[in-house]
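Visitor: Below is the file run10.csv, which contains CSV, C-alpha atoms.
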```csv
chain,number,residue,atom,x,y,z
A,445,MET,CA,-219.5,136.1,10.9
A,446,GLU,CA,-219.6,139.9,11.4
A,447,ASN,CA,-215.9,140.5,11.7
A,448,ALA,CA,-215.2,138.7,8.4
A,449,ARG,CA,-216.8,141.6,6.5
A,450,SER,CA,-213.8,143.9,7.1
A,451,SER,CA,-210.2,143.3,6.2
A,452,SER,CA,-207.2,143.6,8.4
A,453,PRO,CA,-204.4,146.2,7.6
A,454,ASP,CA,-202.5,143.6,5.5
A,455,GLY,CA,-205.5,142.9,3.3
A,456,LEU,CA,-206.5,139.6,4.9
A,457,PHE,CA,-210.0,139.1,6.3
A,458,SER,CA,-209.9,139.0,10.0
A,459,VAL,CA,-211.3,135.7,11.2
A,460,HIS,CA,-209.4,135.2,14.5
A,461,GLY,CA,-211.7,134.3,17.4
A,462,LEU,CA,-214.5,133.4,14.9
A,463,PRO,CA,-215.5,129.9,13.7
A,464,GLY,CA,-212.8,127.9,12.1
A,465,ILE,CA,-211.9,128.3,8.4
A,466,ILE,CA,-210.3,125.4,6.5
A,467,THR,CA,-209.0,126.0,3.0
A,468,ILE,CA,-208.3,123.2,0.4
A,469,SER,CA,-206.1,124.3,-2.5
A,470,GLY,CA,-204.3,122.3,-5.2
A,471,ALA,CA,-201.7,122.1,-8.0
A,472,ASN,CA,-204.3,121.7,-10.7
A,473,LYS,CA,-207.8,120.4,-11.6
A,474,ASP,CA,-208.9,116.9,-10.7
A,475,ILE,CA,-206.2,116.5,-8.1
A,476,GLY,CA,-208.6,115.4,-5.3
A,477,LYS,CA,-209.7,118.7,-3.7
A,478,SER,CA,-213.4,118.1,-3.8
A,479,SER,CA,-213.0,114.6,-2.5
A,480,LEU,CA,-211.1,115.8,0.6
A,481,VAL,CA,-213.6,118.7,1.1
A,482,ALA,CA,-216.5,116.2,1.1
A,483,TYR,CA,-214.7,114.0,3.6
A,484,LEU,CA,-214.0,116.8,6.0
A,485,VAL,CA,-217.6,118.1,5.7
A,486,GLU,CA,-218.9,114.6,6.5
A,487,HIS,CA,-216.9,114.6,9.7
A,488,CYS,CA,-217.8,118.1,10.8
A,489,ARG,CA,-220.7,118.5,13.3
A,490,GLU,CA,-222.0,121.7,11.6
A,491,CYS,CA,-220.2,122.9,8.5
A,492,ALA,CA,-220.6,125.4,5.7
A,493,ALA,CA,-218.7,125.2,2.4
A,494,MET,CA,-217.8,127.3,-0.6
A,495,LYS,CA,-216.1,126.9,-3.9
A,496,VAL,CA,-214.3,129.8,-5.5
A,497,THR,CA,-213.9,130.0,-9.3
A,498,LEU,CA,-212.0,132.9,-10.9
A,499,HIS,CA,-212.7,134.2,-14.4
A,500,GLU,CA,-211.0,136.8,-16.6
A,501,GLU,CA,-214.3,138.7,-17.0
A,502,ARG,CA,-217.1,138.9,-14.4
A,503,PRO,CA,-219.7,136.2,-15.4
A,504,ASP,CA,-223.3,137.0,-16.0
A,505,GLY,CA,-225.6,136.6,-13.1
A,506,GLU,CA,-225.0,136.5,-9.3
A,507,ALA,CA,-221.4,136.3,-8.2
A,508,VAL,CA,-222.3,134.6,-5.0
A,509,VAL,CA,-224.6,131.7,-5.7
A,510,GLU,CA,-226.1,129.7,-2.8
A,511,GLU,CA,-226.5,126.1,-4.0
A,512,ARG,CA,-229.5,124.1,-2.7
A,513,GLU,CA,-230.3,121.3,-5.1
A,514,PRO,CA,-227.6,118.5,-5.1
A,515,VAL,CA,-229.8,116.1,-7.0
A,516,GLU,CA,-230.3,118.4,-10.0
A,517,LYS,CA,-226.6,119.1,-10.2
A,518,LYS,CA,-225.2,115.8,-9.2
A,519,GLY,CA,-221.5,115.3,-9.7
A,520,THR,CA,-220.5,119.0,-9.4
A,521,ASP,CA,-218.1,120.1,-6.6
A,522,THR,CA,-220.8,122.1,-4.8
A,523,ALA,CA,-223.3,119.2,-5.1
A,524,ARG,CA,-220.8,117.0,-3.4
A,525,MET,CA,-220.5,119.6,-0.6
A,526,LEU,CA,-224.3,119.6,-0.2
A,527,GLU,CA,-224.5,115.8,-0.3
A,528,ALA,CA,-221.8,115.6,2.4
A,529,GLY,CA,-223.9,117.7,4.7
A,530,ALA,CA,-222.6,121.2,4.3
A,531,PHE,CA,-225.0,124.1,4.8
A,532,PRO,CA,-225.0,126.6,3.4
A,533,VAL,CA,-223.0,126.0,0.3
A,534,PHE,CA,-221.8,128.9,-1.9
A,535,TRP,CA,-220.3,129.0,-5.3
A,536,ILE,CA,-218.4,132.3,-5.8
A,537,ARG,CA,-217.9,133.1,-9.6
A,538,THR,CA,-215.8,136.2,-9.7
A,539,THR,CA,-212.6,137.9,-10.9
A,540,ALA,CA,-209.4,138.5,-9.1
A,541,ARG,CA,-210.3,142.1,-8.7
A,542,ASP,CA,-213.8,141.5,-7.3
A,543,LEU,CA,-212.9,138.4,-5.1
A,544,PRO,CA,-212.3,140.3,-1.8
A,545,GLU,CA,-215.8,141.9,-2.0
A,546,ASP,CA,-217.6,138.8,-3.1
A,547,LEU,CA,-215.7,136.6,-0.5
A,548,GLY,CA,-216.7,139.1,2.2
A,549,LYS,CA,-220.4,138.9,1.1
A,550,ALA,CA,-220.3,135.1,1.3
A,551,LEU,CA,-218.6,134.9,4.7
A,552,ALA,CA,-221.1,137.4,6.1
A,553,ARG,CA,-223.9,135.0,5.3
A,554,ILE,CA,-222.4,132.1,7.2
A,555,ASP,CA,-223.2,131.3,10.8
A,556,ALA,CA,-221.8,127.7,10.9
A,557,PRO,CA,-218.9,127.1,13.3
A,558,VAL,CA,-216.7,125.7,10.5
A,559,VAL,CA,-216.3,126.8,6.9
A,560,VAL,CA,-214.4,124.7,4.3
A,561,VAL,CA,-213.3,126.7,1.3
A,562,GLU,CA,-212.1,125.2,-2.0
A,563,GLY,CA,-209.8,127.3,-4.1
A,564,ASN,CA,-206.3,128.7,-4.4
A,565,SER,CA,-207.1,132.4,-4.8
A,566,VAL,CA,-208.8,132.8,-1.4
A,567,LEU,CA,-205.5,132.5,0.4
A,568,ALA,CA,-204.6,136.0,-0.7
A,569,HIS,CA,-207.5,137.3,1.3
A,570,LEU,CA,-207.9,134.8,4.2
A,571,GLU,CA,-205.8,133.6,7.1
A,572,PRO,CA,-207.2,130.1,7.5
A,573,ASP,CA,-207.0,128.1,10.8
A,574,PHE,CA,-205.9,125.1,8.7
A,575,ALA,CA,-204.7,125.2,5.1
A,576,VAL,CA,-204.3,122.0,3.0
A,577,PHE,CA,-202.6,121.8,-0.4
A,578,ILE,CA,-203.0,118.8,-2.7
A,579,MET,CA,-200.5,117.9,-5.4
A,580,GLY,CA,-199.3,115.1,-7.6
A,581,ARG,CA,-195.8,113.6,-7.6
A,582,GLY,CA,-194.1,116.6,-9.1
A,583,PHE,CA,-194.2,120.3,-9.9
A,584,GLY,CA,-194.4,120.3,-13.6
A,585,ASP,CA,-198.2,120.6,-13.8
A,586,PHE,CA,-198.5,123.4,-11.2
A,587,LYS,CA,-200.8,126.3,-12.3
A,588,PRO,CA,-199.4,129.8,-11.3
A,589,SER,CA,-201.6,130.2,-8.2
A,590,ALA,CA,-200.4,126.8,-6.9
A,591,PHE,CA,-196.9,128.1,-5.9
A,592,ASP,CA,-198.4,130.8,-3.7
A,593,ALA,CA,-200.9,128.3,-2.2
A,594,ILE,CA,-198.3,125.6,-1.3
A,595,ARG,CA,-196.2,128.2,0.6
A,596,LYS,CA,-199.2,128.9,2.9
A,597,ALA,CA,-200.2,125.3,3.6
A,598,HIS,CA,-200.0,123.7,7.0
A,599,THR,CA,-200.3,120.2,5.4
A,600,VAL,CA,-199.3,119.2,1.8
A,601,VAL,CA,-200.9,116.0,0.5
A,602,VAL,CA,-199.2,114.1,-2.3
A,603,ASN,CA,-202.1,112.4,-4.0
A,604,GLY,CA,-202.2,109.6,-6.4
A,605,GLU,CA,-202.2,105.8,-6.4
A,606,GLU,CA,-198.8,105.3,-8.1
A,607,SER,CA,-196.3,104.3,-5.5
A,608,LEU,CA,-193.2,106.4,-4.7
A,609,SER,CA,-190.0,105.0,-3.5
A,610,GLY,CA,-188.5,106.1,-0.2
A,611,GLY,CA,-185.9,108.1,-2.1
A,612,GLU,CA,-188.5,109.8,-4.3
A,613,ILE,CA,-190.6,110.7,-1.2
A,614,LEU,CA,-187.5,112.2,0.5
A,615,SER,CA,-186.6,114.2,-2.6
A,616,LEU,CA,-190.1,115.5,-3.0
A,617,GLU,CA,-190.3,116.4,0.7
A,618,ARG,CA,-187.0,118.4,0.4
A,619,GLU,CA,-188.4,120.4,-2.6
A,620,ILE,CA,-191.6,121.1,-0.7
A,621,LYS,CA,-189.7,122.2,2.4
A,622,LYS,CA,-187.7,124.7,0.3
A,623,MET,CA,-190.9,126.5,-0.5
A,624,ASN,CA,-192.6,125.9,2.9
A,625,PRO,CA,-190.3,124.8,5.7
A,626,GLY,CA,-193.2,124.4,8.2
A,627,ALA,CA,-195.4,122.1,6.1
A,628,LYS,CA,-196.2,118.6,7.1
A,629,ILE,CA,-196.3,116.0,4.3
A,630,VAL,CA,-198.9,113.3,3.8
A,631,VAL,CA,-198.3,110.8,1.0
A,632,VAL,CA,-201.4,109.0,-0.1
A,633,SER,CA,-199.7,106.1,-2.0
A,634,GLU,CA,-197.7,105.3,1.2
A,635,LEU,CA,-200.7,105.4,3.6
A,636,GLY,CA,-203.7,104.6,1.5
A,637,ARG,CA,-206.5,107.1,0.8
A,638,ASN,CA,-208.5,106.4,3.9
A,639,ARG,CA,-205.6,106.7,6.3
A,640,ALA,CA,-204.3,109.8,4.6
A,641,TRP,CA,-207.7,111.6,4.8
A,642,GLU,CA,-207.9,110.5,8.5
A,643,ILE,CA,-204.6,112.2,9.2
A,644,VAL,CA,-205.7,115.4,7.5
A,645,LEU,CA,-209.0,115.3,9.5
A,646,SER,CA,-207.0,114.8,12.8
A,647,ARG,CA,-204.9,117.8,12.0
A,648,ALA,CA,-207.9,119.9,11.1
A,649,ALA,CA,-209.6,118.9,14.4
A,650,GLY,CA,-206.5,119.8,16.3
A,651,ARG,CA,-206.6,123.3,14.9
A,652,ILE,CA,-210.4,123.8,14.7
A,653,GLY,CA,-211.3,121.9,17.8
A,654,GLY,CA,-212.4,118.3,18.4
A,655,GLY,CA,-215.9,119.5,19.4
A,656,PHE,CA,-216.5,120.6,15.8
A,657,MET,CA,-214.8,117.8,13.9
A,658,SER,CA,-214.4,114.1,14.6
A,659,SER,CA,-213.8,110.8,12.8
A,660,GLU,CA,-216.6,109.3,14.9
A,661,MET,CA,-220.3,109.9,14.1
A,662,ASP,CA,-222.5,110.1,17.2
A,663,GLU,CA,-223.9,106.6,17.7
A,664,LYS,CA,-226.9,107.9,19.7
A,665,VAL,CA,-228.0,110.2,16.9
A,666,MET,CA,-227.7,107.3,14.4
A,667,GLU,CA,-229.7,105.0,16.6
A,668,ALA,CA,-232.4,107.7,17.0
A,669,VAL,CA,-232.6,108.4,13.3
A,670,LYS,CA,-233.0,104.6,12.6
A,671,ALA,CA,-235.8,104.4,15.2
A,672,LYS,CA,-237.7,107.3,13.6
A,673,ALA,CA,-237.3,106.3,10.0
A,674,GLU,CA,-240.0,104.4,8.2
A,675,GLU,CA,-239.2,102.4,5.0
A,676,GLY,CA,-235.9,104.2,4.6
A,677,ARG,CA,-237.3,107.7,5.0
A,678,ILE,CA,-237.7,110.3,7.7
A,679,SER,CA,-239.6,113.6,7.2
A,680,CYS,CA,-237.9,117.0,7.6
A,681,ALA,CA,-240.2,117.9,10.5
A,682,VAL,CA,-239.4,114.7,12.4
A,683,ALA,CA,-235.7,115.2,11.7
A,684,LEU,CA,-235.7,118.8,13.0
A,685,LYS,CA,-237.7,117.8,16.1
A,686,LEU,CA,-235.2,115.0,16.7
A,687,ALA,CA,-232.3,117.4,16.5
A,688,GLU,CA,-234.0,119.8,19.0
A,689,GLU,CA,-234.7,117.0,21.4
A,690,MET,CA,-231.1,115.7,21.3
A,691,GLY,CA,-229.6,119.1,21.4
A,692,VAL,CA,-227.5,118.7,18.3
A,693,PRO,CA,-227.4,120.7,15.0
A,694,ALA,CA,-229.9,119.7,12.3
A,695,ALA,CA,-226.9,119.0,10.1
A,696,GLU,CA,-225.8,116.2,12.5
A,697,VAL,CA,-229.1,114.4,12.0
A,698,GLY,CA,-228.7,114.9,8.2
A,699,LYS,CA,-225.2,113.4,8.3
A,700,ALA,CA,-226.5,110.4,10.3
A,701,ALA,CA,-229.3,109.9,7.8
A,702,ASN,CA,-226.8,110.0,4.9
A,703,ALA,CA,-224.6,107.5,6.6
A,704,LEU,CA,-227.6,105.2,7.1
A,705,ASP,CA,-228.9,105.8,3.5
A,706,ILE,CA,-232.1,107.2,5.0
A,707,LYS,CA,-233.7,109.8,2.8
A,708,ILE,CA,-235.0,113.0,4.4
A,709,VAL,CA,-238.3,113.9,2.7
A,710,LYS,CA,-240.8,116.8,2.7
A,711,CYS,CA,-238.1,119.3,3.3
A,712,SER,CA,-238.9,122.9,2.3
A,713,LEU,CA,-236.6,124.8,4.6
A,714,GLY,CA,-233.3,123.7,3.0
A,715,CYS,CA,-231.9,122.5,6.3
A,716,PHE,CA,-230.8,119.1,4.9
```
Mind turning this structure into structure tokens?

Guide:
Amino acid sequence: MENARSSSPDGLFSVHGLPGIITISGANKDIGKSSLVAYLVEHCRECAAMKVTLHEERPDGEAVVEEREPVEKKGTDTARMLEAGAFPVFWIRTTARDLPEDLGKALARIDAPVVVVEGNSVLAHLEPDFAVFIMGRGFGDFKPSAFDAIRKAHTVVVNGEESLSGGEILSLEREIKKMNPGAKIVVVSELGRNRAWEIVLSRAAGRIGGGFMSSEMDEKVMEAVKAKAEEGRISCAVALKLAEEMGVPAAEVGKAANALDIKIVKCSLGCF
């Protein structure tokens, strides 16, 4: 992503004409961002991902960390990205001052056609092709960066299982529209989690391109993976050869294996 290394005059990284960028931001912690990120990655043919964490002071160690071992760090947001099939996956640990430089370094290392970025602060430096904001049923628990993020969202997801009445939904929608008149609203309690996520995926595919993102997994790839697997396993070498023969990204074979609960073994290249 060569052009992503430099900023446009308004301070935003120029990504137009390059692979699609999707951002997932939210009102607060544990609102459902990583769940949606994983879902989108699972339905992306070849996808990179990154999580951005801001600190008051620059943490020790590398600011841009490439994550490779989901088993050892099971349960973390970046592990979920890896398990969903994203490659590469970066965790950016930085400060507000250093974020533009560190974000540029991470983007320059990505060749995937789609990148899903989790974090609010990146919206000050990126013009995403599709931006999603996730919130609860009100604004009382918004962290400061959330108000800027919701104003830049193409879709606002109201998450949570507690039902909202029609009047409550209309009232919430009016408040959201005051901050972002162009935002489209998705209410999870009204639609159910699966349908809500499908709608977000459909909108993402509409902006990124259906050739990159789809709710359907390639049945031919799945059948080929099943045929090559032995006792629930397939070697990395066989998986890579299969991807080459079928003319699909290696990540597509990895996603099919995940869906079939087939383990890819003897992998030293970090492709899966």

Visitor: Which one is closest to Arg651 (chain A): A:Glu688, A:Glu513, A:Asp573, A:Glu696? Count all atoms listed in the file.

Guide: A:Asp573

Visitor: Name the closest residue to Val600 (chain A) among the candidates A:Ala683, A:Leu526, A:Ile465, A:Val632; distances are taken between atoms, counting only C-alpha atoms.

Guide: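 Among A:Ala683, A:Leu526, A:Ile465, A:Val632, it is A:Val632 that comes nearest to Val600 (chain A).
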
Visitor: I'd like to know which of A:Asp504, A:Arg677, A:Ala694, A:Val566 is closest to Val709 (chain A), using only C-alpha atoms.

Guide: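 Looking only at the distances to Val709 (chain A), the closest residue turns out to be A:Arg677.
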
Visitor: Measuring between only C-alpha atoms, which one of A:Asp555, A:Asp474, A:Glu545, A:Glu486 shows the shortest distance to Ala700 (chain A)?

Guide: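 Result for the nearest residue to Ala700 (chain A): A:Glu486.
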
Visitor: Could you check how far CA of Arg595 (chain A) sits from CA of Ser478 (chain A), in Å to one decimal?

Guide: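 Answer for the CA of Arg595 (chain A) to CA of Ser478 (chain A) separation: 20.4 Å.
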
Visitor: With all atoms listed in the file as the basis for distance, which of A:Gly519, A:Gly529, A:Gly604, A:Gly582 is at the shortest distance from Ile475 (chain A)?

Guide: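 Selected residue with least distance to Ile475 (chain A): A:Gly604.
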
Visitor: Counting only C-alpha atoms, which of A:Val533, A:Ala482, A:Val560, A:Ile466 gets nearest to Ala575 (chain A)?

Guide: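 The closest residue to Ala575 (chain A) is A:Ile466.
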
Visitor: Between CA of Ser565 (chain A) and CA of Asp542 (chain A), what is the spacing in Å?

Guide: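 Atom-to-atom, CA of Asp542 (chain A) to CA of Ser565 (chain A), that is 11.6 Å.
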
Visitor: So that I can check the surroundings of Glu606 (chain A), please list as a PyMOL selection string every protein, DNA and RNA residue that reaches within 10 Å of it, counting only C-alpha atoms and ignoring chain neighbours fewer than 2 positions away.

Guide: chain A and resi 580-581+603-604+608-609+632-634

Visitor: Save region 477-551 of chain A from what I just supplied, as a CSV table (one decimal), in the first residue's frame, atoms limited to C-alpha atoms.

Guide:
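So the final result, stored in decode_7.csv, reads:
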```csv
chain,number,residue,atom,x,y,z
A,477,LYS,CA,-16.3,-4.4,18.1
A,478,SER,CA,-14.1,-7.4,18.0
A,479,SER,CA,-17.1,-9.7,17.3
A,480,LEU,CA,-18.0,-7.7,14.3
A,481,VAL,CA,-14.4,-7.5,13.1
A,482,ALA,CA,-14.1,-11.3,13.3
A,483,TYR,CA,-17.3,-11.7,11.4
A,484,LEU,CA,-16.3,-9.4,8.6
A,485,VAL,CA,-12.8,-11.0,8.3
A,486,GLU,CA,-14.4,-14.5,8.1
A,487,HIS,CA,-16.4,-13.3,5.1
A,488,CYS,CA,-13.5,-11.6,3.3
A,489,ARG,CA,-11.6,-13.5,0.6
A,490,GLU,CA,-8.2,-12.0,1.6
A,491,CYS,CA,-8.1,-9.6,4.5
A,492,ALA,CA,-5.6,-8.0,6.9
A,493,ALA,CA,-6.6,-6.5,10.2
A,494,MET,CA,-5.2,-4.3,12.9
A,495,LYS,CA,-6.2,-3.1,16.4
A,496,VAL,CA,-5.1,0.4,17.6
A,497,THR,CA,-4.6,1.1,21.3
A,498,LEU,CA,-3.7,4.5,22.5
A,499,HIS,CA,-1.6,5.2,25.7
A,500,GLU,CA,-0.7,8.4,27.5
A,501,GLU,CA,3.0,7.5,27.3
A,502,ARG,CA,4.7,5.4,24.6
A,503,PRO,CA,4.8,1.7,25.8
A,504,ASP,CA,8.0,-0.2,26.0
A,505,GLY,CA,8.9,-2.4,23.0
A,506,GLU,CA,7.7,-2.2,19.4
A,507,ALA,CA,4.9,0.1,18.6
A,508,VAL,CA,3.7,-1.9,15.6
A,509,VAL,CA,3.5,-5.6,16.6
A,510,GLU,CA,2.7,-8.3,14.1
A,511,GLU,CA,0.6,-11.0,15.8
A,512,ARG,CA,1.2,-14.6,14.7
A,513,GLU,CA,0.2,-17.0,17.4
A,514,PRO,CA,-3.6,-17.0,18.2
A,515,VAL,CA,-3.3,-20.2,20.3
A,516,GLU,CA,-0.9,-18.7,22.8
A,517,LYS,CA,-2.9,-15.5,23.1
A,518,LYS,CA,-6.4,-17.0,22.8
A,519,GLY,CA,-9.2,-14.7,23.6
A,520,THR,CA,-7.5,-11.4,22.8
A,521,ASP,CA,-8.9,-9.2,20.1
A,522,THR,CA,-5.9,-9.8,17.8
A,523,ALA,CA,-6.1,-13.5,18.4
A,524,ARG,CA,-9.7,-13.4,17.2
A,525,MET,CA,-8.6,-11.6,14.1
A,526,LEU,CA,-6.0,-14.3,13.4
A,527,GLU,CA,-8.5,-17.1,14.1
A,528,ALA,CA,-11.0,-15.5,11.7
A,529,GLY,CA,-8.4,-15.7,9.0
A,530,ALA,CA,-6.9,-12.2,8.8
A,531,PHE,CA,-3.3,-12.0,7.6
A,532,PRO,CA,-1.3,-10.1,8.5
A,533,VAL,CA,-2.6,-8.9,11.9
A,534,PHE,CA,-1.0,-5.9,13.6
A,535,TRP,CA,-1.4,-4.4,17.1
A,536,ILE,CA,-0.5,-0.8,17.2
A,537,ARG,CA,0.4,0.4,20.7
A,538,THR,CA,1.1,4.1,20.5
A,539,THR,CA,0.2,7.6,21.6
A,540,ALA,CA,-2.0,10.2,19.9
A,541,ARG,CA,1.1,12.1,18.9
A,542,ASP,CA,2.9,9.1,17.3
A,543,LEU,CA,-0.2,7.4,15.8
A,544,PRO,CA,0.1,8.9,12.3
A,545,GLU,CA,3.6,7.6,11.9
A,546,ASP,CA,2.9,4.2,13.4
A,547,LEU,CA,-0.3,3.8,11.4
A,548,GLY,CA,1.6,4.6,8.2
A,549,LYS,CA,4.3,2.0,9.0
A,550,ALA,CA,1.6,-0.7,9.5
A,551,LEU,CA,-0.3,0.2,6.4
```
